[in-house]
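Structure data follow from work_1.cif (mmCIF, C-alpha atoms and all ligand atoms):
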```
data_run
#
loop_
_atom_site.label_atom_id
_atom_site.label_comp_id
_atom_site.auth_asym_id
_atom_site.auth_seq_id
_atom_site.Cartn_x
_atom_site.Cartn_y
_atom_site.Cartn_z
CA MET A 1 -12.83 29.62 -31.61
CA ALA A 2 -14.30 27.60 -28.73
CA LEU A 3 -11.82 25.29 -27.03
CA ASP A 4 -12.41 21.59 -27.47
CA LEU A 5 -11.37 20.82 -23.91
CA ASP A 6 -12.60 17.25 -24.09
CA ALA A 7 -10.32 16.49 -27.02
CA ILE A 8 -7.35 18.34 -25.50
CA ILE A 9 -7.63 16.42 -22.22
CA ALA A 10 -8.09 13.07 -23.96
CA GLU A 11 -5.00 13.72 -26.10
CA ILE A 12 -2.89 14.78 -23.14
CA ALA A 13 -3.97 11.69 -21.15
CA ASP A 14 -3.21 9.43 -24.13
CA GLY A 15 0.20 11.02 -24.56
CA MET A 16 1.06 10.68 -20.88
CA ALA A 17 0.09 6.99 -20.83
CA LYS A 18 2.87 6.33 -23.36
CA VAL A 19 5.71 8.17 -21.61
CA GLU A 20 8.48 5.84 -20.52
CA HIS A 21 10.41 7.97 -17.99
CA ARG A 22 7.81 8.76 -15.37
CA GLY A 23 9.99 9.96 -12.46
CA ARG A 24 10.43 8.21 -9.12
CA VAL A 25 7.64 7.41 -6.70
CA ALA A 26 8.27 8.88 -3.22
CA ASP A 27 9.72 6.16 -1.03
CA TYR A 28 10.54 7.99 2.20
CA ILE A 29 6.94 7.29 3.24
CA PRO A 30 6.89 3.48 2.77
CA GLU A 31 3.18 3.30 2.02
CA LEU A 32 3.56 5.73 -0.91
CA ALA A 33 6.34 3.61 -2.42
CA LYS A 34 3.73 0.93 -3.21
CA VAL A 35 1.86 3.10 -5.73
CA ASP A 36 2.20 2.09 -9.40
CA PRO A 37 3.93 4.86 -11.45
CA ALA A 38 1.82 3.90 -14.48
CA TYR A 39 -1.12 5.97 -13.22
CA PHE A 40 -2.00 9.29 -14.85
CA GLY A 41 -5.21 11.18 -14.19
CA MET A 42 -6.53 14.63 -14.95
CA ALA A 43 -9.74 16.53 -14.20
CA VAL A 44 -10.78 20.07 -15.11
CA ALA A 45 -13.70 21.84 -13.42
CA THR A 46 -14.61 24.92 -15.44
CA ALA A 47 -16.11 28.17 -14.18
CA ASP A 48 -19.24 27.49 -16.27
CA GLY A 49 -19.84 24.26 -14.34
CA ARG A 50 -18.43 21.57 -16.63
CA MET A 51 -16.24 18.68 -15.48
CA LEU A 52 -13.85 17.09 -17.97
CA CYS A 53 -11.76 14.07 -17.09
CA GLY A 54 -8.96 12.01 -18.64
CA GLY A 55 -6.99 8.92 -17.61
CA HIS A 56 -7.31 7.65 -14.04
CA ALA A 57 -9.36 10.63 -12.87
CA THR A 58 -11.43 8.63 -10.39
CA THR A 59 -8.62 6.66 -8.73
CA PRO A 60 -7.96 7.99 -5.20
CA PHE A 61 -4.42 9.06 -4.25
CA SER A 62 -2.74 10.60 -1.24
CA ILE A 63 -3.07 14.38 -1.56
CA GLN A 64 -0.12 14.97 0.82
CA SER A 65 1.00 18.61 0.60
CA ILE A 66 -1.97 19.72 -1.46
CA SER A 67 -3.78 19.56 1.90
CA LYS A 68 -1.69 22.58 2.90
CA VAL A 69 -3.91 24.79 0.72
CA PHE A 70 -7.08 23.73 2.55
CA ALA A 71 -5.41 23.83 5.97
CA LEU A 72 -4.13 27.35 5.24
CA THR A 73 -7.61 28.47 4.22
CA LEU A 74 -9.00 27.19 7.54
CA ALA A 75 -6.21 28.75 9.61
CA LEU A 76 -6.73 32.15 7.96
CA GLY A 77 -10.42 31.83 8.82
CA LYS A 78 -9.48 31.28 12.48
CA VAL A 79 -6.75 33.86 13.09
CA GLY A 80 -6.81 36.07 9.99
CA ASP A 81 -3.71 38.06 9.13
CA GLN A 82 -2.19 37.33 12.54
CA LEU A 83 -1.04 34.10 10.96
CA TRP A 84 1.65 36.11 9.18
CA ASN A 85 3.35 36.86 12.51
CA ARG A 86 4.23 33.17 12.68
CA VAL A 87 4.74 32.22 9.02
CA GLY A 88 6.31 34.16 6.15
CA ARG A 89 5.14 34.62 2.58
CA GLU A 90 8.35 34.27 0.61
CA PRO A 91 9.50 31.40 -1.59
CA SER A 92 12.04 29.34 0.30
CA GLY A 93 14.47 28.31 -2.44
CA ASN A 94 15.03 25.21 -0.33
CA ALA A 95 13.71 21.66 -0.31
CA PHE A 96 10.27 21.03 1.17
CA ASN A 97 11.63 19.59 4.41
CA SER A 98 14.68 21.82 4.89
CA ILE A 99 15.69 22.76 8.42
CA VAL A 100 18.65 25.11 7.76
CA GLN A 101 16.66 28.25 7.03
CA LEU A 102 14.76 27.95 10.31
CA GLU A 103 17.85 28.63 12.38
CA HIS A 104 18.67 31.86 10.53
CA GLU A 105 15.07 32.98 10.67
CA GLN A 106 14.42 32.28 14.35
CA GLY A 107 11.88 29.51 13.91
CA ILE A 108 9.61 31.47 11.54
CA PRO A 109 9.13 29.33 8.40
CA ARG A 110 9.38 31.07 5.04
CA ASN A 111 5.86 30.21 3.86
CA PRO A 112 2.85 28.00 4.72
CA PHE A 113 3.57 25.51 1.93
CA ILE A 114 6.95 24.19 3.05
CA ASN A 115 6.67 21.53 5.73
CA ALA A 116 7.75 23.80 8.60
CA GLY A 117 5.12 26.39 7.62
CA ALA A 118 2.42 23.77 7.27
CA ILE A 119 3.28 22.41 10.72
CA VAL A 120 2.74 25.90 12.19
CA VAL A 121 -0.58 26.06 10.31
CA ALA A 122 -1.52 22.65 11.79
CA ASP A 123 -0.65 24.06 15.24
CA VAL A 124 -3.03 26.99 14.63
CA ASN A 125 -5.78 24.66 13.45
CA LEU A 126 -5.35 22.46 16.52
CA GLY A 127 -6.50 25.41 18.66
CA GLY A 128 -6.33 23.54 21.97
CA HIS A 129 -8.26 20.50 20.67
CA GLN A 130 -7.26 16.89 20.14
CA PRO A 131 -5.88 16.06 16.68
CA ARG A 132 -9.02 14.09 15.78
CA VAL A 133 -11.14 17.23 16.26
CA ALA A 134 -8.89 19.34 14.03
CA ILE A 135 -8.60 16.66 11.39
CA GLY A 136 -12.38 16.11 11.46
CA GLU A 137 -12.86 19.81 10.80
CA LEU A 138 -10.45 19.77 7.85
CA LEU A 139 -12.09 16.67 6.41
CA ARG A 140 -15.54 18.26 6.67
CA PHE A 141 -14.19 21.37 4.97
CA VAL A 142 -12.73 19.43 2.03
CA ARG A 143 -15.98 17.43 1.68
CA TYR A 144 -17.98 20.67 1.65
CA LEU A 145 -15.68 22.20 -0.98
CA SER A 146 -15.96 19.23 -3.30
CA GLY A 147 -19.57 18.36 -2.43
CA ASP A 148 -18.49 14.77 -1.78
CA ASP A 149 -18.89 13.06 1.59
CA GLY A 150 -16.94 10.02 0.44
CA ILE A 151 -13.54 11.67 0.93
CA ALA A 152 -11.57 9.93 3.70
CA ILE A 153 -8.18 9.52 5.32
CA ASN A 154 -5.95 6.57 4.49
CA GLU A 155 -4.93 5.42 7.98
CA ALA A 156 -2.15 3.19 6.64
CA VAL A 157 -0.48 6.21 4.99
CA ALA A 158 -0.85 8.30 8.17
CA ALA A 159 0.66 5.47 10.25
CA SER A 160 3.47 4.98 7.74
CA GLU A 161 4.45 8.65 7.94
CA THR A 162 4.14 8.68 11.73
CA MET A 163 6.71 5.86 11.86
CA THR A 164 9.16 7.56 9.52
CA GLY A 165 8.52 11.31 9.80
CA PHE A 166 11.69 12.06 11.77
CA ARG A 167 12.48 15.21 9.83
CA ASN A 168 9.04 16.66 10.41
CA MET A 169 9.40 15.82 14.11
CA ALA A 170 12.71 17.65 14.12
CA LEU A 171 11.10 20.68 12.46
CA ALA A 172 8.24 20.76 14.97
CA ASN A 173 10.55 20.39 17.96
CA TYR A 174 12.93 22.99 16.60
CA MET A 175 10.14 25.53 16.13
CA ARG A 176 8.78 24.68 19.55
CA ALA A 177 12.18 25.71 20.95
CA PHE A 178 11.63 29.14 19.35
CA GLY A 179 8.12 29.34 20.80
CA ASN A 180 6.45 29.06 17.39
CA ILE A 181 4.66 25.78 18.13
CA HIS A 182 2.16 26.10 20.96
CA HIS A 183 0.95 22.52 21.39
CA ALA A 184 2.88 19.32 22.10
CA PRO A 185 4.77 18.52 18.86
CA GLU A 186 3.38 14.97 18.75
CA LEU A 187 -0.19 16.30 18.74
CA VAL A 188 0.58 18.82 15.99
CA LEU A 189 2.27 16.13 13.91
CA GLY A 190 -0.57 13.67 14.54
CA SER A 191 -2.84 16.21 12.94
CA TYR A 192 -0.38 17.11 10.15
CA PHE A 193 0.30 13.49 9.13
CA HIS A 194 -3.42 12.75 8.98
CA GLN A 195 -4.17 15.82 6.87
CA CYS A 196 -1.46 14.70 4.41
CA ALA A 197 -3.03 11.22 4.31
CA ILE A 198 -6.38 12.48 2.98
CA GLU A 199 -7.19 10.59 -0.21
CA MET A 200 -8.97 12.17 -3.14
CA ASP A 201 -9.22 11.50 -6.83
CA CYS A 202 -8.58 14.13 -9.51
CA ARG A 203 -12.27 14.79 -9.93
CA GLN A 204 -12.83 15.47 -6.22
CA LEU A 205 -9.71 17.61 -6.03
CA ALA A 206 -10.65 19.77 -9.03
CA LEU A 207 -14.08 20.28 -7.44
CA ALA A 208 -12.50 21.21 -4.09
CA GLY A 209 -10.36 23.90 -5.77
CA ARG A 210 -13.27 25.73 -7.39
CA TYR A 211 -13.46 28.44 -4.70
CA LEU A 212 -9.99 29.55 -5.74
CA MET A 213 -11.00 29.97 -9.38
CA LEU A 214 -14.21 31.77 -8.35
CA ASP A 215 -12.62 34.55 -6.29
CA GLY A 216 -13.61 32.84 -3.04
CA ARG A 217 -17.19 31.85 -3.89
CA HIS A 218 -18.56 28.34 -3.37
CA PRO A 219 -20.21 27.28 -6.65
CA GLY A 220 -23.17 25.96 -4.66
CA GLY A 221 -23.76 29.46 -3.20
CA GLY A 222 -22.18 31.50 -0.42
CA ARG A 223 -18.61 32.41 0.16
CA VAL A 224 -15.68 30.29 1.31
CA VAL A 225 -13.26 33.23 1.61
CA SER A 226 -13.20 36.88 0.56
CA PRO A 227 -11.98 37.74 -2.97
CA ARG A 228 -8.82 39.23 -1.49
CA ARG A 229 -8.05 36.07 0.45
CA ALA A 230 -8.64 33.84 -2.58
CA ARG A 231 -6.22 35.98 -4.62
CA ARG A 232 -3.62 35.84 -1.89
CA ILE A 233 -3.84 32.06 -1.59
CA ASN A 234 -3.43 31.84 -5.37
CA ALA A 235 -0.42 34.17 -5.13
CA LEU A 236 1.18 31.88 -2.54
CA MET A 237 0.49 28.84 -4.69
CA LEU A 238 2.20 30.51 -7.63
CA THR A 239 5.26 31.66 -5.68
CA CYS A 240 5.63 28.83 -3.15
CA GLY A 241 3.50 25.88 -4.32
CA HIS A 242 6.31 23.79 -5.79
CA TYR A 243 9.04 24.22 -3.17
CA ASP A 244 12.37 25.17 -4.71
CA ALA A 245 10.97 24.52 -8.18
CA SER A 246 8.20 27.12 -7.85
CA GLY A 247 9.96 29.49 -10.25
CA ASP A 248 10.33 26.77 -12.84
CA PHE A 249 6.64 25.83 -12.51
CA ALA A 250 5.59 29.49 -12.97
CA PHE A 251 7.90 29.70 -15.99
CA ARG A 252 6.69 26.50 -17.62
CA VAL A 253 3.01 26.46 -16.64
CA GLY A 254 2.20 30.05 -15.64
CA ILE A 255 -0.69 29.43 -13.25
CA PRO A 256 -0.88 28.92 -9.45
CA GLY A 257 -0.34 25.30 -8.43
CA LYS A 258 0.29 23.21 -5.34
CA SER A 259 1.98 19.84 -5.55
CA GLY A 260 2.17 16.89 -3.16
CA VAL A 261 4.61 13.98 -2.93
CA GLY A 262 1.73 11.62 -3.70
CA GLY A 263 2.14 12.95 -7.26
CA GLY A 264 -0.90 15.22 -7.35
CA ILE A 265 -1.05 18.89 -8.35
CA LEU A 266 -3.97 21.28 -7.88
CA ALA A 267 -3.74 24.19 -10.32
CA ILE A 268 -6.00 27.21 -10.62
CA VAL A 269 -6.78 29.41 -13.61
CA PRO A 270 -8.64 32.31 -11.97
CA GLY A 271 -12.06 32.83 -13.53
CA ARG A 272 -11.68 29.78 -15.76
CA ALA A 273 -10.71 26.44 -14.32
CA SER A 274 -9.73 24.36 -11.31
CA ILE A 275 -7.47 21.54 -12.47
CA ALA A 276 -6.19 18.42 -10.75
CA VAL A 277 -3.55 16.14 -12.23
CA TRP A 278 -1.99 13.04 -10.73
CA SER A 279 0.95 10.88 -11.70
CA PRO A 280 2.92 9.34 -8.82
CA GLY A 281 6.44 9.58 -10.31
CA LEU A 282 8.28 12.65 -9.03
CA ASN A 283 11.08 14.78 -10.48
CA ALA A 284 14.21 15.71 -8.53
CA SER A 285 12.38 18.54 -6.73
CA GLY A 286 9.66 16.21 -5.43
CA ASN A 287 6.94 17.37 -7.83
CA SER A 288 4.97 15.14 -10.20
CA GLN A 289 6.99 14.76 -13.38
CA LEU A 290 4.15 13.96 -15.75
CA GLY A 291 1.68 16.10 -13.82
CA THR A 292 3.84 19.16 -14.47
CA ARG A 293 4.28 18.18 -18.10
CA ALA A 294 0.55 17.69 -18.58
CA LEU A 295 -0.22 21.09 -17.06
CA GLU A 296 2.40 22.71 -19.26
CA GLU A 297 0.79 21.18 -22.32
CA LEU A 298 -2.73 22.10 -21.16
CA ALA A 299 -1.70 25.72 -20.54
CA GLN A 300 -0.07 25.93 -23.96
CA ARG A 301 -3.01 24.46 -25.80
CA THR A 302 -5.68 26.50 -23.97
CA GLY A 303 -3.72 29.74 -23.68
CA TRP A 304 -4.48 29.74 -19.94
CA SER A 305 -1.97 31.83 -18.00
CA VAL A 306 -2.01 34.45 -15.27
CA PHE A 307 0.57 36.37 -17.29
CA SER A 308 -1.46 37.08 -20.39
CA PRO A 309 -4.90 38.47 -21.22
CA PRO A 310 -7.64 35.83 -21.16
CA PRO A 311 -7.90 34.04 -24.53
CA ASP A 312 -11.13 34.60 -26.50
N1 LIG A 401 3.59 14.42 4.23
C1 LIG A 401 4.69 14.88 3.43
C2 LIG A 401 5.83 15.29 4.32
O1 LIG A 401 5.60 15.99 5.25
C3 LIG A 401 4.24 16.02 2.57
C4 LIG A 401 5.29 16.52 1.64
C5 LIG A 401 4.77 16.82 0.26
O2 LIG A 401 3.72 16.36 -0.13
O3 LIG A 401 5.46 17.53 -0.47
O4 LIG A 401 6.94 14.92 4.13
#
```

Full structure transcribed into structure tokens:
Amino acid sequence: MALDLDAIIAEIADGMAKVEHRGRVADYIPELAKVDPAYFGMAVATADGRMLCGGHATTPFSIQSISKVFALTLALGKVGDQLWNRVGREPSGNAFNSIVQLEHEQGIPRNPFINAGAIVVADVNLGGHQPRVAIGELLRFVRYLSGDDGIAINEAVAASETMTGFRNMALANYMRAFGNIHHAPELVLGSYFHQCAIEMDCRQLALAGRYLMLDGRHPGGGRVVSPRRARRINALMLTCGHYDASGDFAFRVGIPGKSGVGGGILAIVPGRASIAVWSPGLNASGNSQLGTRALEELAQRTGWSVFSPPPD
């Protein structure tokens, strides 16, 4: 029986609008603390070219760590598998901004999706340029992926994190001491904070993720990455995309996903759908509480999972 995706998404969005306990909005970046937890949005881009939306799917939000997926894709394009000499590929089991593991592991972060790993990726993408050059390149890339030139950076969010990002500064300086950051830490962080401050809505984000559902192809023609690279990025999203709650996300939802403290999640069903959800309230692990719940419900109702044969 054909899925009535429109009805499923509308019902999920309606259900989420009524939930009372919506988690806590991130407040360690002051600008993010201003966002109303009442928002919930969802967008699904399907492999056959449809776009289905529910709730506040066209309200822009701060993509934060979801940017790490796009930054990783760019860095792999620049240095290929050499990246893995500087960043690992294992789940961390620690919080997103943890510093303890770095000492044991000689300044090599566990994976590119924890903050330390993403800061190394930002260092690679800087490639001797000024932060504005690197961030311009990332912005162009995200616009190309989503086919939308309106995507921009929220400067107030970038400034807010620059004022308060002491932990990220500590991580960058610490890795610099191990020789794993090659540029001045303030330049790397300038670039990192701006990439996190990119604003997109669910619709734009679901469009930007399509190359990962299409084995690396851009739906408009041509290739963004090789099939092998697309599969590997999906594998990292599944194992590392939700920090120390990645196992729980795989258990509950069963598809690759990357969350951000702005409350967004990009989730990929290979061959079927690129999904973006957004609800600003976070659970204790720093992942969107209702976003995770909505994806769990969507996966259950569609049968979408990387652990089972495709539904009819
Ligand atoms: N800009 C945030 C930070 O570095 C990103 C964290 C996240 O989205 O999980 O703290």

Residues near Ala43 of chain A, cut-off 6 Å, only C-alpha atoms, skip fewer than 2 positions along chain, as a PyMOL selection string: chain A and resi 52-53+202-203+275-276

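Using all atoms listed in the file, the smallest distance between any of A:Gln101, A:Thr59, A:Gln195, A:Asn234 and ligand LIG 401 (chain A) comes from A:Gln195.
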
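Taking only C-alpha atoms and all ligand atoms into account, ligand LIG 401 (chain A) has within 8 Å the residues Ile29, Ile63, Gln64, Ser65, Ile66, Phe96, Asn97, Ile114, Asn115, Glu161, Gly165, Arg167, Asn168, Tyr192, Phe193, Cys196, Ala197, Ser259, Gly260, Val261, Gly262, Gly286 and Asn287 of chain A.
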
Which residues come within 7 Å of Leu290 of chain A, counting only C-alpha atoms, excluding same-chain residues fewer than 4 positions away, as a short mmCIF file (atom, residue, chain, number, x, y, z; two decimals) with C-alpha atoms, in the coordinates of the input?
```cif
data_model
loop_
_atom_site.label_atom_id
_atom_site.label_comp_id
_atom_site.auth_asym_id
_atom_site.auth_seq_id
_atom_site.Cartn_x
_atom_site.Cartn_y
_atom_site.Cartn_z
CA MET A 16 1.06 10.68 -20.88
CA ARG A 22 7.81 8.76 -15.37
CA SER A 279 0.95 10.88 -11.70
CA ALA A 294 0.55 17.69 -18.58
#
```

Neighbour list for segment 72-87 of chain A as a ChimeraX atom specification, cut-off 10 Å, all atoms listed in the file, skip fewer than 4 positions in-chain: /A:67-68,107-113,116-118,120-127,137-138,141,179-181,224-225,229-230,233

Write out, as a compact mmCIF listing (two decimals), in the frame of the given file, the residues just selected, with C-alpha atoms.
```txt
# COMPACT_ATOMS: atom_id res chain seq x y z
CA SER A 67 -3.78 19.56 1.90
CA LYS A 68 -1.69 22.58 2.90
CA GLY A 107 11.88 29.51 13.91
CA ILE A 108 9.61 31.47 11.54
CA PRO A 109 9.13 29.33 8.40
CA ARG A 110 9.38 31.07 5.04
CA ASN A 111 5.86 30.21 3.86
CA PRO A 112 2.85 28.00 4.72
CA PHE A 113 3.57 25.51 1.93
CA ALA A 116 7.75 23.80 8.60
CA GLY A 117 5.12 26.39 7.62
CA ALA A 118 2.42 23.77 7.27
CA VAL A 120 2.74 25.90 12.19
CA VAL A 121 -0.58 26.06 10.31
CA ALA A 122 -1.52 22.65 11.79
CA ASP A 123 -0.65 24.06 15.24
CA VAL A 124 -3.03 26.99 14.63
CA ASN A 125 -5.78 24.66 13.45
CA LEU A 126 -5.35 22.46 16.52
CA GLY A 127 -6.50 25.41 18.66
CA GLU A 137 -12.86 19.81 10.80
CA LEU A 138 -10.45 19.77 7.85
CA PHE A 141 -14.19 21.37 4.97
CA GLY A 179 8.12 29.34 20.80
CA ASN A 180 6.45 29.06 17.39
CA ILE A 181 4.66 25.78 18.13
CA VAL A 224 -15.68 30.29 1.31
CA VAL A 225 -13.26 33.23 1.61
CA ARG A 229 -8.05 36.07 0.45
CA ALA A 230 -8.64 33.84 -2.58
CA ILE A 233 -3.84 32.06 -1.59
```

Long-range neighbours of segment 3-12 of chain A as a count of residues only, 12 Å cut-off, all atoms listed in the file, 6 positions minimum in chain: 38

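Residue nearest Ala47 of chain A within the list A:Ala95, A:Val188, A:Leu171, A:Val269: A:Val269 [criterion: smallest interatomic distance, only C-alpha atoms].
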
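Counting from atom CA of Gly190 of chain A, the distance to atom CA of Tyr174 of chain A is 16.5 Å.
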
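Using only C-alpha atoms, the shortest contact distance between Val142 of chain A and any of A:Glu20, A:Glu90, A:Glu199, A:Asp36 is found at A:Glu199.
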
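Atom pair atom CA of Ala170 of chain A / atom CA of Ser98 of chain A has a distance of 10.3 Å (rounded to one decimal).
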
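Interatomic distance, atom CA of Arg228 of chain A to atom CA of Leu212 of chain A: 10.6 Å.
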
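The shortest atom-to-atom distance to His183 of chain A, with only C-alpha atoms taken into account, belongs to A:Ile119 out of A:Ile119, A:Ala33, A:Ala38, A:Val25.
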
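Candidate residues A:Ile265, A:Ile255, A:Leu145, A:Ala250 were compared for distance to Gly209 of chain A, and the nearest is A:Leu145, using only C-alpha atoms.
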